[in-house]
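The structure under discussion appears below in the form of structure tokens.
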Amino acid sequence: RERLAFEELFELLLASQLNRLENQKLAGYHIPFEVEVVKQFVAQLPFAMTGAQKRAAWDILQDFEHATPMNRLLQGDVGSGKTVVAGLASRQAPSHGYQTALMAPTEILAGQHAETLNSLLSPFDVRVGLLTSSVKGAARKTLYGQIANGEVDVVVGTHALIQEKVTFHNLGFVVIDEQHRFGVDQRHKLLGKSGTLPHLLAM
């Protein structure tokens with residue numbers, strides 16, 4: 001049993017390392033770190049970020065500076081502030097012309113994320129859009145156009161984000177919440193909405 005357990009764990013670690021090495025060969029998006037942008041974001045928060053939130057955000061912003069696409073997992077309990085960390089990264093991306101897509105498994109969760117991110121990012125003129133199955137007709141068509149021409153900086157949504165009609169202007173950062181509830185194909189479809197492989201944050 002120990003031998004089989006070791007072999008299974010070894011294969012998982014080996015596959016992970018090979019995947020990491022393969023990703024390092026890919027060209028991604030270079031998003032430079034801007035001290036003032038980060039300071040302004042943190043200063044307007046209605047609370048002080050925890051040490052863990054600061055460390056996680058720092059790691060993400062450091063990854064942004066490399067052309068190699070980020071592939072990072074952000075783990076924390078409900079209410080631990082993962083959305084704030086994702087929000088800080090989503091603030092950095094549009095300052096260099098890149099859009100962010102955040103995909104959540106349910107409409108309720110997507111709506112909560114959109115509301116939180118809008119309150120965090122609207123003071124900086126970062127525009128947040130919400131795309132779910134509830135958005136229909138003319139409103140949906142208008143939102144498609146705004147995403148395609150770059151009028152929306154951060155697009156929050158459900159599986160609706162991976163529909164063929166959704167075209168991004170310049171998708172550079174992807175956040176997948178409760179990533180275990182999405183299949184590999186669904187994640188790849190969202191990543192494929194970018195010109196090259198975007199930075200990925202799974203939560």
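Each chain in the structure tokens gets a letter, A, B and so on, in the order shown; residues start at 1 in every chain, and ligands are counted from 1 in the order they appear.
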
### Query
Residues of range 41-111 of chain A in strand (DSSP E) according to DSSP, as number ranges by chain?
A: 71-73, 99-103

#### Entry: Residues within 12 Å of Phe182 in chain A, only C-alpha atoms, excluding chain neighbours under 3 positions, as a PyMOL selection string
chain A and resi 103-106+158-159+162+176-179+185-190+202-203

### Task
Pick out the closest residue to Val154 in chain A from this set: A:Asn19, A:Asn118, A:Gln75, A:Thr50. Count only C-alpha atoms.
A:Asn118

Per residue of range 69-175 of chain A within 10 Å of range 30-49 of chain A, what are the shortest atom pair and its distance in Å to one decimal, counting only C-alpha atoms, with rows by chain and residue number, as CSV?
residue,atom,partner,partner_atom,distance
A:Pro69,CA,A:His30,CA,8.7
A:Gly81,CA,A:Met49,CA,8.5
A:Val84,CA,A:Met49,CA,8.6
A:Val85,CA,A:Met49,CA,9.1
A:Gly87,CA,A:Phe41,CA,9.2
A:Leu88,CA,A:Phe41,CA,6.9
A:Ala89,CA,A:Val38,CA,8.9
A:Arg91,CA,A:Phe41,CA,7.7
A:Gln92,CA,A:Val37,CA,7.0
A:Ala93,CA,A:Ile31,CA,6.5
A:Pro94,CA,A:Ile31,CA,9.3
A:Ser95,CA,A:Val37,CA,8.4
A:His96,CA,A:Ile31,CA,6.6
A:Gly97,CA,A:Ile31,CA,9.3
A:Tyr98,CA,A:Ile31,CA,8.5
A:Ser119,CA,A:Leu45,CA,9.7
A:Leu120,CA,A:Leu45,CA,7.4
A:Leu121,CA,A:Phe41,CA,8.1
A:Pro123,CA,A:Gln44,CA,8.6
A:Phe124,CA,A:Phe41,CA,8.3
A:Gly172,CA,A:Ile31,CA,8.8
A:Phe173,CA,A:Ile31,CA,9.8

### Task
If you run DSSP over the backbone, which residues in chain A end up alpha helix (DSSP H)? Put them as a PyMOL selection string.
chain A and resi 2-23+35-43+51-64+82-92+107-121+137-148+184-191

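CA of Leu18 in chain A sits 26.7 Å away from CA of Leu102 in chain A.
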
Within 9 Å of range 194-198 of chain A, which residues of range 58-174 of chain A come that close, and what is the closest atom pair and distance in Å for each? Count only C-alpha atoms and give it as a Markdown table.
| residue | atom | partner | partner_atom | distance |
| --- | --- | --- | --- | --- |
| A:Thr68 | CA | A:Leu197 | CA | 8.9 |
| A:Pro69 | CA | A:Pro198 | CA | 5.9 |
| A:Met70 | CA | A:Pro198 | CA | 7.6 |
| A:Thr167 | CA | A:Ser194 | CA | 8.8 |
| A:Phe168 | CA | A:Ser194 | CA | 7.1 |
| A:His169 | CA | A:Ser194 | CA | 8.5 |
| A:Asn170 | CA | A:Ser194 | CA | 6.7 |
| A:Leu171 | CA | A:Ser194 | CA | 5.1 |
| A:Gly172 | CA | A:Pro198 | CA | 4.6 |
| A:Phe173 | CA | A:Pro198 | CA | 5.3 |
| A:Val174 | CA | A:Pro198 | CA | 6.6 |

Export of prior selection with all heavy atoms as a short mmCIF file (atom, residue, chain, number, x, y, z; two decimals), in the first residue's frame:
data_model
loop_
_atom_site.label_atom_id
_atom_site.label_comp_id
_atom_site.auth_asym_id
_atom_site.auth_seq_id
_atom_site.Cartn_x
_atom_site.Cartn_y
_atom_site.Cartn_z
N THR A 68 6.15 34.67 -18.57
CA THR A 68 5.62 33.32 -18.43
C THR A 68 4.24 33.40 -17.77
O THR A 68 4.09 34.03 -16.73
CB THR A 68 6.54 32.46 -17.54
OG1 THR A 68 7.85 32.46 -18.11
CG2 THR A 68 6.03 31.03 -17.46
N PRO A 69 3.23 32.77 -18.36
CA PRO A 69 1.88 32.87 -17.79
C PRO A 69 1.81 32.31 -16.36
O PRO A 69 2.33 31.22 -16.10
CB PRO A 69 1.03 32.01 -18.74
CG PRO A 69 1.80 31.95 -20.01
CD PRO A 69 3.25 31.99 -19.61
N MET A 70 1.19 33.06 -15.48
CA MET A 70 1.00 32.61 -14.10
C MET A 70 -0.02 31.48 -14.06
O MET A 70 -0.99 31.48 -14.80
CB MET A 70 0.50 33.77 -13.23
CG MET A 70 0.14 33.39 -11.81
SD MET A 70 -0.43 34.81 -10.83
CE MET A 70 -2.08 35.06 -11.53
N THR A 167 -16.39 37.70 -27.10
CA THR A 167 -15.06 38.00 -27.63
C THR A 167 -14.44 39.11 -26.78
O THR A 167 -15.05 40.17 -26.60
CB THR A 167 -15.14 38.47 -29.09
OG1 THR A 167 -15.81 37.47 -29.87
CG2 THR A 167 -13.75 38.72 -29.66
N PHE A 168 -13.25 38.86 -26.28
CA PHE A 168 -12.56 39.86 -25.47
C PHE A 168 -11.67 40.74 -26.33
O PHE A 168 -11.13 40.31 -27.35
CB PHE A 168 -11.72 39.18 -24.38
CG PHE A 168 -12.52 38.59 -23.26
CD1 PHE A 168 -13.04 37.31 -23.36
CD2 PHE A 168 -12.77 39.32 -22.11
CE1 PHE A 168 -13.79 36.75 -22.33
CE2 PHE A 168 -13.53 38.78 -21.07
CZ PHE A 168 -14.04 37.49 -21.19
N HIS A 169 -11.51 41.97 -25.87
CA HIS A 169 -10.63 42.92 -26.57
C HIS A 169 -9.17 42.57 -26.32
O HIS A 169 -8.36 42.52 -27.26
CB HIS A 169 -10.93 44.34 -26.08
CG HIS A 169 -10.06 45.38 -26.70
ND1 HIS A 169 -10.14 45.72 -28.04
CD2 HIS A 169 -9.07 46.16 -26.17
CE1 HIS A 169 -9.26 46.66 -28.30
NE2 HIS A 169 -8.59 46.94 -27.20
N ASN A 170 -8.82 42.32 -25.06
CA ASN A 170 -7.43 42.01 -24.72
C ASN A 170 -7.38 41.33 -23.35
O ASN A 170 -7.02 41.93 -22.35
CB ASN A 170 -6.59 43.30 -24.70
CG ASN A 170 -5.10 43.02 -24.75
OD1 ASN A 170 -4.68 41.90 -25.01
ND2 ASN A 170 -4.30 44.04 -24.48
N LEU A 171 -7.76 40.06 -23.32
CA LEU A 171 -7.84 39.31 -22.07
C LEU A 171 -6.45 38.88 -21.59
O LEU A 171 -5.78 38.10 -22.25
CB LEU A 171 -8.73 38.08 -22.24
CG LEU A 171 -8.95 37.19 -21.01
CD1 LEU A 171 -9.61 37.97 -19.88
CD2 LEU A 171 -9.78 35.96 -21.39
N GLY A 172 -6.03 39.41 -20.44
CA GLY A 172 -4.70 39.09 -19.94
C GLY A 172 -4.68 38.38 -18.60
O GLY A 172 -3.65 37.86 -18.18
N PHE A 173 -5.84 38.37 -17.91
CA PHE A 173 -5.89 37.79 -16.56
C PHE A 173 -7.22 37.07 -16.37
O PHE A 173 -8.28 37.64 -16.60
CB PHE A 173 -5.73 38.92 -15.52
CG PHE A 173 -5.79 38.49 -14.09
CD1 PHE A 173 -5.18 37.31 -13.66
CD2 PHE A 173 -6.44 39.27 -13.14
CE1 PHE A 173 -5.22 36.92 -12.33
CE2 PHE A 173 -6.49 38.90 -11.81
CZ PHE A 173 -5.88 37.71 -11.40
N VAL A 174 -7.15 35.81 -15.96
CA VAL A 174 -8.34 34.99 -15.75
C VAL A 174 -8.38 34.51 -14.30
O VAL A 174 -7.38 34.02 -13.78
CB VAL A 174 -8.37 33.77 -16.71
CG1 VAL A 174 -9.44 32.76 -16.29
CG2 VAL A 174 -8.60 34.23 -18.14
#

#### Entry: Two-atom distance - CA of Gln146 in chain A, CA of Leu130 in chain A (Å)
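Here the two named atoms are 11.4 Å from each other.
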
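The space between CA of Arg140 in chain A and CA of Asp153 in chain A spans 16.3 Å.
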
### Task
Identify which of the residues A:Gly111, A:Leu143, A:Val175, A:Ser133 lies closest to Leu74 in chain A, counting only C-alpha atoms when measuring atom-to-atom distances.
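Looking only at the distances to Leu74 in chain A, the closest residue turns out to be A:Val175.
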
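Nearest to Ala86 in chain A of all the residues A:Ala56, A:Val184, A:Ala15, A:Ile147 is A:Ala56, based on only C-alpha atoms.
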